[in-house]
Amino acid sequence: MSTRPDISVGRVVHLALPAMIVLAAEPLYLVVDTALIGHLGATQLAALAIGGIVLAQVSGQFNFLAYGTTGRAARHYGRNDRAAAVREGVNASWLAVAIGLLAILAVQILAGPIARLIGGDNPVAVADAESWMRLAILGAPGILLALAGNGWMRGVQETRKPTTYVVAAFGISLVLLPIFVYVLGWGLMGSAVANVVAQLIGGGLFIRALLKEAHGPVRRTPHWPVMRAQLRTGRDLLIRTLALQGSFAAAAGVAARMSTETLGAHQIGLQLWMLCALVLDSVAIAAQSLVGEALGAGNKDHARRVALIIGRLGVATGVLLAIILLAIGPFAPHIFTSDPGVLTETAIMWWWLVGMQPLAGYVFAVDGILMGSGDVAILRTITIIASVFVYIPLAICALKFHWGIGGIWLGLTSFIVARLVVGWWRVRGDKWMIADAH
């Protein structure tokens, strides 16, 4: 039985706050990026929206490097086996490098067709997006190394170093962004260069931390049994993420076929949604660590208490975000753009963005609980059902029946509701407590 401290709101917050800083760093950077590029014009903003969807797939589709690794490392940590937890980080990092290099190759080959598929009948924005993608994707290995590094460090409840690394990397990039975009006159391409700088610095810092831990009984070379087990865990998370990110890509495609203004407003909403979602996910990350630790130590009662506290904190955080969005609604859209058409569309989208936050708070809390226990197959199923049978049909209807941007965000809100209902049903039972560290 574990001798670690009992669960409390304070302990959850201690893990969640550093995770919130780490998770919010990149979206905050993208919000600033969106604001700077938005003032170059609606076409440049649309190009960033197209290219940003693709770059988001790298961190989104392969987030099992963080989320899967956290739960696995936490269950080792619950058994007081730190070396095994670090070994998870070593093998996740090898996977990160391999996947990152493959992503660079794929985007160099497919950037044009991808941009045309998402961008539709907007040739200037499509051409700019293609160029942006080819450059920005060079940071992919850094993105994935940071995911793997955050994963194992959260599993052993190390919170200070990941925060320092991420803040340092993106702090440098935020300084470089306006210089590259405006002072040097690189425009949209300056955004891509600043992005690459941030990602590679961050990935390098996490590698340095891993090398300091990986000694003695921890081998630095790939270990196939561990890597194979990580890929099994990652398989269901990858399918889940494909469904999740596919829904966002479909929504961007629908917005692009409505108008440039609709796509620009959707980009603003998407970046704010991602920021709010990752803030909510910081509570879920605490759940991954604490649930994994409890189940690794064989304490199911403790795991259920974690789940109860995490669910309540998730809802409370969602309510707080909704209040903040309501307060900034009258002036925040003007930070991102001065285009009248984009502002009109943003005003419609804003109410949907506000209303979904409390619901999303509970959904993300449940995600963290199930990832911490290793019950990832049900997460895959929940997301596929919500995406295929709820979100995508509503997005298509929004285009076919001219519902506009409100219809797109009706689909997103319904997507959240569907995940909430099925996730609540799962957590209220006992089958999710299936600790699996192998």
# chains A, B, ... in the order shown; residues from 1 in each chain; ligands from 1
$ residues_around --residues "Gly318 (chain A)" --least-positions-apart "4" --cutoff "12 Å" --atoms "only C-alpha atoms" --output "PyMOL selection string"
chain A and resi 273+276-283+311-314+322-325+353-365
$ write_last_selection --atoms "N, CA and C atoms" --output "mmCIF file, in the first residue's frame"
data_model
loop_
_atom_site.group_PDB
_atom_site.id
_atom_site.type_symbol
_atom_site.label_atom_id
_atom_site.label_comp_id
_atom_site.auth_asym_id
_atom_site.auth_seq_id
_atom_site.Cartn_x
_atom_site.Cartn_y
_atom_site.Cartn_z
ATOM 1 N N TRP A 273 -10.718 28.305 -27.896
ATOM 2 C CA TRP A 273 -11.217 27.014 -27.435
ATOM 3 C C TRP A 273 -10.074 26.106 -26.997
ATOM 4 N N CYS A 276 -8.731 27.329 -23.661
ATOM 5 C CA CYS A 276 -9.609 26.932 -22.551
ATOM 6 C C CYS A 276 -9.542 25.427 -22.301
ATOM 7 N N ALA A 277 -9.514 24.643 -23.378
ATOM 8 C CA ALA A 277 -9.485 23.189 -23.236
ATOM 9 C C ALA A 277 -8.223 22.727 -22.530
ATOM 10 N N LEU A 278 -7.102 23.342 -22.841
ATOM 11 C CA LEU A 278 -5.861 22.923 -22.218
ATOM 12 C C LEU A 278 -5.768 23.390 -20.772
ATOM 13 N N VAL A 279 -6.397 24.511 -20.449
ATOM 14 C CA VAL A 279 -6.484 24.922 -19.044
ATOM 15 C C VAL A 279 -7.301 23.889 -18.267
ATOM 16 N N LEU A 280 -8.432 23.485 -18.843
ATOM 17 C CA LEU A 280 -9.239 22.443 -18.201
ATOM 18 C C LEU A 280 -8.465 21.132 -18.097
ATOM 19 N N ASP A 281 -7.656 20.863 -19.102
ATOM 20 C CA ASP A 281 -6.911 19.608 -19.122
ATOM 21 C C ASP A 281 -5.834 19.557 -18.052
ATOM 22 N N SER A 282 -5.452 20.708 -17.508
ATOM 23 C CA SER A 282 -4.467 20.690 -16.428
ATOM 24 C C SER A 282 -5.009 19.948 -15.210
ATOM 25 N N VAL A 283 -6.299 20.082 -14.959
ATOM 26 C CA VAL A 283 -6.927 19.311 -13.884
ATOM 27 C C VAL A 283 -6.914 17.827 -14.237
ATOM 28 N N GLY A 311 -13.532 15.565 -10.798
ATOM 29 C CA GLY A 311 -14.754 15.942 -11.509
ATOM 30 C C GLY A 311 -15.300 17.273 -11.035
ATOM 31 N N ARG A 312 -15.326 17.484 -9.726
ATOM 32 C CA ARG A 312 -15.839 18.747 -9.186
ATOM 33 C C ARG A 312 -14.953 19.925 -9.565
ATOM 34 N N LEU A 313 -13.641 19.720 -9.487
ATOM 35 C CA LEU A 313 -12.724 20.802 -9.846
ATOM 36 C C LEU A 313 -12.799 21.127 -11.333
ATOM 37 N N GLY A 314 -13.021 20.116 -12.161
ATOM 38 C CA GLY A 314 -13.156 20.350 -13.592
ATOM 39 C C GLY A 314 -14.337 21.250 -13.908
ATOM 40 N N ALA A 322 -15.924 30.345 -18.272
ATOM 41 C CA ALA A 322 -17.111 30.940 -18.893
ATOM 42 C C ALA A 322 -17.308 32.373 -18.426
ATOM 43 N N ILE A 323 -17.102 32.614 -17.141
ATOM 44 C CA ILE A 323 -17.246 33.971 -16.601
ATOM 45 C C ILE A 323 -16.211 34.912 -17.223
ATOM 46 N N ILE A 324 -14.982 34.421 -17.362
ATOM 47 C CA ILE A 324 -13.925 35.246 -17.963
ATOM 48 C C ILE A 324 -14.257 35.575 -19.414
ATOM 49 N N LEU A 325 -14.713 34.594 -20.170
ATOM 50 C CA LEU A 325 -15.062 34.826 -21.570
ATOM 51 C C LEU A 325 -16.211 35.818 -21.707
ATOM 52 N N LEU A 353 -18.983 29.454 -27.505
ATOM 53 C CA LEU A 353 -17.714 29.249 -26.801
ATOM 54 C C LEU A 353 -17.890 29.369 -25.291
ATOM 55 N N VAL A 354 -18.665 30.352 -24.866
ATOM 56 C CA VAL A 354 -18.919 30.557 -23.433
ATOM 57 C C VAL A 354 -19.702 29.391 -22.839
ATOM 58 N N GLY A 355 -20.781 29.017 -23.503
ATOM 59 C CA GLY A 355 -21.705 28.037 -22.940
ATOM 60 C C GLY A 355 -21.138 26.643 -22.775
ATOM 61 N N MET A 356 -20.169 26.287 -23.591
ATOM 62 C CA MET A 356 -19.661 24.910 -23.520
ATOM 63 C C MET A 356 -18.629 24.695 -22.410
ATOM 64 N N GLN A 357 -18.109 25.754 -21.795
ATOM 65 C CA GLN A 357 -16.988 25.595 -20.870
ATOM 66 C C GLN A 357 -17.301 24.738 -19.636
ATOM 67 N N PRO A 358 -18.413 24.959 -18.909
ATOM 68 C CA PRO A 358 -18.675 24.089 -17.751
ATOM 69 C C PRO A 358 -18.834 22.615 -18.137
ATOM 70 N N LEU A 359 -19.469 22.372 -19.297
ATOM 71 C CA LEU A 359 -19.620 20.998 -19.769
ATOM 72 C C LEU A 359 -18.261 20.390 -20.079
ATOM 73 N N ALA A 360 -17.422 21.163 -20.759
ATOM 74 C CA ALA A 360 -16.088 20.674 -21.113
ATOM 75 C C ALA A 360 -15.241 20.413 -19.876
ATOM 76 N N GLY A 361 -15.467 21.178 -18.814
ATOM 77 C CA GLY A 361 -14.712 20.965 -17.585
ATOM 78 C C GLY A 361 -14.857 19.550 -17.068
ATOM 79 N N TYR A 362 -16.074 19.033 -17.060
ATOM 80 C CA TYR A 362 -16.282 17.669 -16.588
ATOM 81 C C TYR A 362 -15.756 16.645 -17.594
ATOM 82 N N VAL A 363 -15.937 16.920 -18.895
ATOM 83 C CA VAL A 363 -15.482 15.989 -19.925
ATOM 84 C C VAL A 363 -13.972 15.772 -19.844
ATOM 85 N N PHE A 364 -13.224 16.841 -19.710
ATOM 86 C CA PHE A 364 -11.774 16.704 -19.654
ATOM 87 C C PHE A 364 -11.319 16.045 -18.351
ATOM 88 N N ALA A 365 -12.045 16.293 -17.271
ATOM 89 C CA ALA A 365 -11.725 15.614 -16.017
ATOM 90 C C ALA A 365 -11.874 14.101 -16.170
#
$ residues_around --residues "Ala136 (chain A)" --least-positions-apart "5" --cutoff "9 Å" --atoms "only C-alpha atoms" --output "list in words"
Gly51, Leu55, Ser131, Met189, Ser191, Ala192, Val193, Ala194, Asn195 and Val196 of chain A
$ write_last_selection --atoms "all heavy atoms" --output "PDB file, in the first residue's frame"
ATOM      1  N   GLY A  51      -2.941  26.380 -42.172  1.00  0.00           N
ATOM      2  CA  GLY A  51      -1.684  25.771 -41.764  1.00  0.00           C
ATOM      3  C   GLY A  51      -1.683  25.334 -40.318  1.00  0.00           C
ATOM      4  O   GLY A  51      -1.125  24.294 -39.967  1.00  0.00           O
ATOM      5  N   LEU A  55      -0.494  21.754 -38.335  1.00  0.00           N
ATOM      6  CA  LEU A  55       0.514  21.669 -37.289  1.00  0.00           C
ATOM      7  C   LEU A  55      -0.089  21.128 -35.993  1.00  0.00           C
ATOM      8  O   LEU A  55       0.564  20.392 -35.251  1.00  0.00           O
ATOM      9  CB  LEU A  55       1.139  23.038 -37.046  1.00  0.00           C
ATOM     10  CG  LEU A  55       2.407  23.033 -36.181  1.00  0.00           C
ATOM     11  CD1 LEU A  55       3.518  22.250 -36.868  1.00  0.00           C
ATOM     12  CD2 LEU A  55       2.863  24.444 -35.878  1.00  0.00           C
ATOM     13  N   SER A 131       3.248  27.288 -47.886  1.00  0.00           N
ATOM     14  CA  SER A 131       4.596  27.738 -47.542  1.00  0.00           C
ATOM     15  C   SER A 131       4.804  27.744 -46.029  1.00  0.00           C
ATOM     16  O   SER A 131       5.866  27.338 -45.530  1.00  0.00           O
ATOM     17  CB  SER A 131       4.834  29.142 -48.107  1.00  0.00           C
ATOM     18  OG  SER A 131       4.730  29.136 -49.512  1.00  0.00           O
ATOM     19  N   MET A 189       5.636  34.206 -42.841  1.00  0.00           N
ATOM     20  CA  MET A 189       6.758  33.270 -42.692  1.00  0.00           C
ATOM     21  C   MET A 189       7.534  33.526 -41.393  1.00  0.00           C
ATOM     22  O   MET A 189       8.133  32.616 -40.826  1.00  0.00           O
ATOM     23  CB  MET A 189       7.695  33.362 -43.891  1.00  0.00           C
ATOM     24  CG  MET A 189       7.078  32.896 -45.202  1.00  0.00           C
ATOM     25  SD  MET A 189       6.405  31.208 -45.143  1.00  0.00           S
ATOM     26  CE  MET A 189       4.645  31.559 -44.984  1.00  0.00           C
ATOM     27  N   SER A 191       6.173  34.122 -38.621  1.00  0.00           N
ATOM     28  CA  SER A 191       5.429  33.326 -37.641  1.00  0.00           C
ATOM     29  C   SER A 191       5.931  31.892 -37.612  1.00  0.00           C
ATOM     30  O   SER A 191       6.130  31.294 -36.544  1.00  0.00           O
ATOM     31  CB  SER A 191       3.938  33.359 -37.987  1.00  0.00           C
ATOM     32  OG  SER A 191       3.246  32.278 -37.420  1.00  0.00           O
ATOM     33  N   ALA A 192       6.163  31.311 -38.788  1.00  0.00           N
ATOM     34  CA  ALA A 192       6.625  29.925 -38.862  1.00  0.00           C
ATOM     35  C   ALA A 192       8.012  29.770 -38.249  1.00  0.00           C
ATOM     36  O   ALA A 192       8.284  28.801 -37.522  1.00  0.00           O
ATOM     37  CB  ALA A 192       6.635  29.455 -40.314  1.00  0.00           C
ATOM     38  N   VAL A 193       8.924  30.719 -38.523  1.00  0.00           N
ATOM     39  CA  VAL A 193      10.278  30.629 -37.993  1.00  0.00           C
ATOM     40  C   VAL A 193      10.264  30.707 -36.468  1.00  0.00           C
ATOM     41  O   VAL A 193      10.940  29.926 -35.783  1.00  0.00           O
ATOM     42  CB  VAL A 193      11.163  31.752 -38.575  1.00  0.00           C
ATOM     43  CG1 VAL A 193      12.541  31.749 -37.907  1.00  0.00           C
ATOM     44  CG2 VAL A 193      11.308  31.584 -40.085  1.00  0.00           C
ATOM     45  N   ALA A 194       9.488  31.638 -35.917  1.00  0.00           N
ATOM     46  CA  ALA A 194       9.414  31.765 -34.458  1.00  0.00           C
ATOM     47  C   ALA A 194       8.860  30.494 -33.829  1.00  0.00           C
ATOM     48  O   ALA A 194       9.307  30.068 -32.746  1.00  0.00           O
ATOM     49  CB  ALA A 194       8.548  32.968 -34.088  1.00  0.00           C
ATOM     50  N   ASN A 195       7.908  29.870 -34.491  1.00  0.00           N
ATOM     51  CA  ASN A 195       7.329  28.617 -34.004  1.00  0.00           C
ATOM     52  C   ASN A 195       8.390  27.525 -33.928  1.00  0.00           C
ATOM     53  O   ASN A 195       8.508  26.810 -32.922  1.00  0.00           O
ATOM     54  CB  ASN A 195       6.186  28.206 -34.942  1.00  0.00           C
ATOM     55  CG  ASN A 195       5.231  27.222 -34.311  1.00  0.00           C
ATOM     56  OD1 ASN A 195       5.651  26.161 -33.877  1.00  0.00           O
ATOM     57  ND2 ASN A 195       3.960  27.554 -34.288  1.00  0.00           N
ATOM     58  N   VAL A 196       9.181  27.376 -34.993  1.00  0.00           N
ATOM     59  CA  VAL A 196      10.221  26.347 -35.030  1.00  0.00           C
ATOM     60  C   VAL A 196      11.251  26.573 -33.922  1.00  0.00           C
ATOM     61  O   VAL A 196      11.673  25.629 -33.234  1.00  0.00           O
ATOM     62  CB  VAL A 196      10.906  26.323 -36.405  1.00  0.00           C
ATOM     63  CG1 VAL A 196      12.129  25.404 -36.387  1.00  0.00           C
ATOM     64  CG2 VAL A 196       9.926  25.860 -37.474  1.00  0.00           C
TER      65      VAL A 196
END
$ atom_distance --atom1 "CA of Ser59 (chain A)" --atom2 "CA of Leu102 (chain A)"
13.6 Å
$ atom_distance --atom1 "CA of Leu321 (chain A)" --atom2 "CA of Ile21 (chain A)"
15.1 Å
$ atom_distance --atom1 "CA of Gly112 (chain A)" --atom2 "CA of Asp128 (chain A)"
10.1 Å
$ select_by_dssp --residues "region 86-281 of chain A" --states "alpha helix (DSSP H)" --output "number ranges by chain"
A: 86-119, 123-136, 140-155, 160-178, 188-213, 224-258, 260-281
$ residues_around --residues "Gly78 (chain A)" --least-positions-apart "3" --cutoff "10 Å" --atoms "only C-alpha atoms" --output "number ranges by chain"
A: 1-4, 73-75, 81-82, 85, 155-156, 289-299
$ closest_residue --among "A:Val376, A:Ala127, A:Ile335, A:Ala168" --to "Arg235 (chain A)" --atoms "only C-alpha atoms"
A:Val376
$ closest_residue --among "A:Ala287, A:Ala332, A:Leu263, A:Ile434" --to "Ala347 (chain A)" --atoms "only C-alpha atoms"
A:Ala332
$ residues_around --residues "Thr337 (chain A)" --least-positions-apart "5" --cutoff "7 Å" --atoms "only C-alpha atoms" --output "CSV table (one decimal) with all heavy atoms, in the first residue's frame"
chain,number,residue,atom,x,y,z
A,35,ALA,N,-3.2,37.1,-33.3
A,35,ALA,CA,-3.4,38.5,-33.3
A,35,ALA,C,-2.5,39.3,-34.2
A,35,ALA,O,-2.9,40.2,-34.9
A,35,ALA,CB,-3.3,39.0,-31.8
A,38,GLY,N,-3.4,38.4,-37.8
A,38,GLY,CA,-4.7,39.0,-38.1
A,38,GLY,C,-4.7,40.4,-38.6
A,38,GLY,O,-5.4,40.8,-39.5
A,39,HIS,N,-3.7,41.2,-38.1
A,39,HIS,CA,-3.6,42.6,-38.5
A,39,HIS,C,-2.9,42.7,-39.8
A,39,HIS,O,-2.8,43.9,-40.3
A,39,HIS,CB,-3.0,43.4,-37.3
A,39,HIS,CG,-3.9,43.6,-36.2
A,39,HIS,ND1,-5.0,44.4,-36.2
A,39,HIS,CD2,-3.9,43.0,-34.9
A,39,HIS,CE1,-5.6,44.4,-35.0
A,39,HIS,NE2,-5.0,43.5,-34.3
$ closest_residue --among "A:Phe401, A:Phe64, A:Trp409, A:Tyr29" --to "Arg232 (chain A)" --atoms "only C-alpha atoms"
A:Phe64
$ residues_around --residues "Ile109 (chain A)" --least-positions-apart "4" --cutoff "12 Å" --atoms "only C-alpha atoms" --output "mmCIF file with all heavy atoms, in the first residue's frame"
data_model
loop_
_atom_site.group_PDB
_atom_site.id
_atom_site.type_symbol
_atom_site.label_atom_id
_atom_site.label_comp_id
_atom_site.auth_asym_id
_atom_site.auth_seq_id
_atom_site.Cartn_x
_atom_site.Cartn_y
_atom_site.Cartn_z
ATOM 1 N N LEU A 102 9.305 11.595 -39.524
ATOM 2 C CA LEU A 102 8.321 11.146 -40.506
ATOM 3 C C LEU A 102 7.305 12.249 -40.824
ATOM 4 O O LEU A 102 6.874 12.407 -41.972
ATOM 5 C CB LEU A 102 7.598 9.900 -39.992
ATOM 6 C CG LEU A 102 8.414 8.608 -39.972
ATOM 7 C CD1 LEU A 102 7.619 7.486 -39.295
ATOM 8 C CD2 LEU A 102 8.818 8.198 -41.389
ATOM 9 N N ALA A 103 6.938 13.037 -39.804
ATOM 10 C CA ALA A 103 5.990 14.142 -40.019
ATOM 11 C C ALA A 103 6.589 15.196 -40.941
ATOM 12 O O ALA A 103 5.896 15.739 -41.815
ATOM 13 C CB ALA A 103 5.606 14.761 -38.673
ATOM 14 N N ILE A 104 7.873 15.502 -40.760
ATOM 15 C CA ILE A 104 8.533 16.470 -41.640
ATOM 16 C C ILE A 104 8.491 15.989 -43.085
ATOM 17 O O ILE A 104 8.129 16.748 -44.008
ATOM 18 C CB ILE A 104 9.990 16.697 -41.194
ATOM 19 C CG1 ILE A 104 10.033 17.432 -39.849
ATOM 20 C CG2 ILE A 104 10.759 17.495 -42.248
ATOM 21 C CD1 ILE A 104 11.432 17.558 -39.265
ATOM 22 N N LEU A 105 8.839 14.743 -43.294
ATOM 23 C CA LEU A 105 8.840 14.181 -44.649
ATOM 24 C C LEU A 105 7.445 14.219 -45.259
ATOM 25 O O LEU A 105 7.265 14.617 -46.430
ATOM 26 C CB LEU A 105 9.366 12.746 -44.606
ATOM 27 C CG LEU A 105 9.385 11.993 -45.941
ATOM 28 C CD1 LEU A 105 10.311 12.701 -46.925
ATOM 29 C CD2 LEU A 105 9.839 10.547 -45.725
ATOM 30 N N PRO A 113 -1.447 19.485 -51.515
ATOM 31 C CA PRO A 113 -2.777 18.863 -51.503
ATOM 32 C C PRO A 113 -3.546 19.090 -50.201
ATOM 33 O O PRO A 113 -4.761 19.291 -50.225
ATOM 34 C CB PRO A 113 -2.466 17.378 -51.704
ATOM 35 C CG PRO A 113 -1.151 17.351 -52.416
ATOM 36 C CD PRO A 113 -0.398 18.524 -51.893
ATOM 37 N N ILE A 114 -2.844 19.062 -49.071
ATOM 38 C CA ILE A 114 -3.515 19.273 -47.781
ATOM 39 C C ILE A 114 -4.090 20.684 -47.714
ATOM 40 O O ILE A 114 -5.241 20.893 -47.302
ATOM 41 C CB ILE A 114 -2.548 19.029 -46.611
ATOM 42 C CG1 ILE A 114 -2.172 17.554 -46.514
ATOM 43 C CG2 ILE A 114 -3.177 19.493 -45.295
ATOM 44 C CD1 ILE A 114 -1.057 17.256 -45.526
ATOM 45 N N ALA A 115 -3.288 21.682 -48.107
ATOM 46 C CA ALA A 115 -3.750 23.072 -48.065
ATOM 47 C C ALA A 115 -4.952 23.284 -48.970
ATOM 48 O O ALA A 115 -5.909 23.982 -48.604
ATOM 49 C CB ALA A 115 -2.612 24.012 -48.462
ATOM 50 N N GLU A 130 0.476 26.727 -47.591
ATOM 51 C CA GLU A 130 1.417 25.679 -47.994
ATOM 52 C C GLU A 130 2.848 26.049 -47.610
ATOM 53 O O GLU A 130 3.594 25.229 -47.052
ATOM 54 C CB GLU A 130 1.328 25.457 -49.500
ATOM 55 C CG GLU A 130 2.273 24.383 -50.005
ATOM 56 C CD GLU A 130 2.168 24.189 -51.516
ATOM 57 O OE1 GLU A 130 1.213 24.699 -52.129
ATOM 58 O OE2 GLU A 130 3.067 23.517 -52.072
ATOM 59 N N MET A 133 3.294 25.889 -43.783
ATOM 60 C CA MET A 133 3.361 24.515 -43.285
ATOM 61 C C MET A 133 4.729 23.894 -43.494
ATOM 62 O O MET A 133 5.272 23.229 -42.614
ATOM 63 C CB MET A 133 2.316 23.643 -43.976
ATOM 64 C CG MET A 133 0.933 23.707 -43.376
ATOM 65 S SD MET A 133 -0.135 22.444 -44.107
ATOM 66 C CE MET A 133 -0.560 23.213 -45.655
ATOM 67 N N ARG A 134 5.298 24.087 -44.695
ATOM 68 C CA ARG A 134 6.586 23.473 -45.008
ATOM 69 C C ARG A 134 7.678 23.939 -44.052
ATOM 70 O O ARG A 134 8.589 23.169 -43.722
ATOM 71 C CB ARG A 134 6.989 23.801 -46.450
ATOM 72 C CG ARG A 134 6.109 23.143 -47.503
ATOM 73 C CD ARG A 134 6.675 23.389 -48.893
ATOM 74 N NE ARG A 134 5.744 22.978 -49.926
ATOM 75 C CZ ARG A 134 5.599 21.727 -50.366
ATOM 76 N NH1 ARG A 134 6.339 20.768 -49.817
ATOM 77 N NH2 ARG A 134 4.728 21.444 -51.312
ATOM 78 N N ILE A 137 6.680 22.912 -39.919
ATOM 79 C CA ILE A 137 6.738 21.499 -39.555
ATOM 80 C C ILE A 137 8.147 21.084 -39.123
ATOM 81 O O ILE A 137 8.325 20.026 -38.489
ATOM 82 C CB ILE A 137 6.269 20.617 -40.741
ATOM 83 C CG1 ILE A 137 5.958 19.181 -40.272
ATOM 84 C CG2 ILE A 137 7.299 20.602 -41.846
ATOM 85 C CD1 ILE A 137 4.860 19.085 -39.260
#
$ closest_residue --among "A:Lys300, A:Arg428, A:His266, A:His223" --to "Glu345 (chain A)" --atoms "only C-alpha atoms"
A:His266
$ closest_residue --among "A:Ala418, A:Gln157, A:Ala249, A:Leu147" --to "His76 (chain A)" --atoms "only C-alpha atoms"
A:Gln157
$ closest_residue --among "A:Ile369, A:Val54, A:Ala395, A:Ala250" --to "Thr413 (chain A)" --atoms "only C-alpha atoms"
A:Ala395
$ closest_atom_pairs --of "region 248-316 of chain A" --to "region 339-342 of chain A" --cutoff "7 Å" --atoms "only C-alpha atoms" --output "Markdown table"
| residue | atom | partner | partner_atom | distance |
| --- | --- | --- | --- | --- |
| A:Glu261 | CA | A:Val342 | CA | 4.5 |
| A:Thr262 | CA | A:Val342 | CA | 6.4 |
| A:Gly264 | CA | A:Val342 | CA | 6.0 |
| A:Ala265 | CA | A:Val342 | CA | 5.2 |
$ write_last_selection --atoms "C-alpha atoms" --output "tab-separated table (two decimals), in the first residue's frame"
chain	number	residue	atom	x	y	z
A	261	GLU	CA	-14.57	35.99	-42.83
A	262	THR	CA	-16.15	32.85	-41.38
A	264	GLY	CA	-11.05	33.89	-39.85
A	265	ALA	CA	-13.63	34.01	-37.04
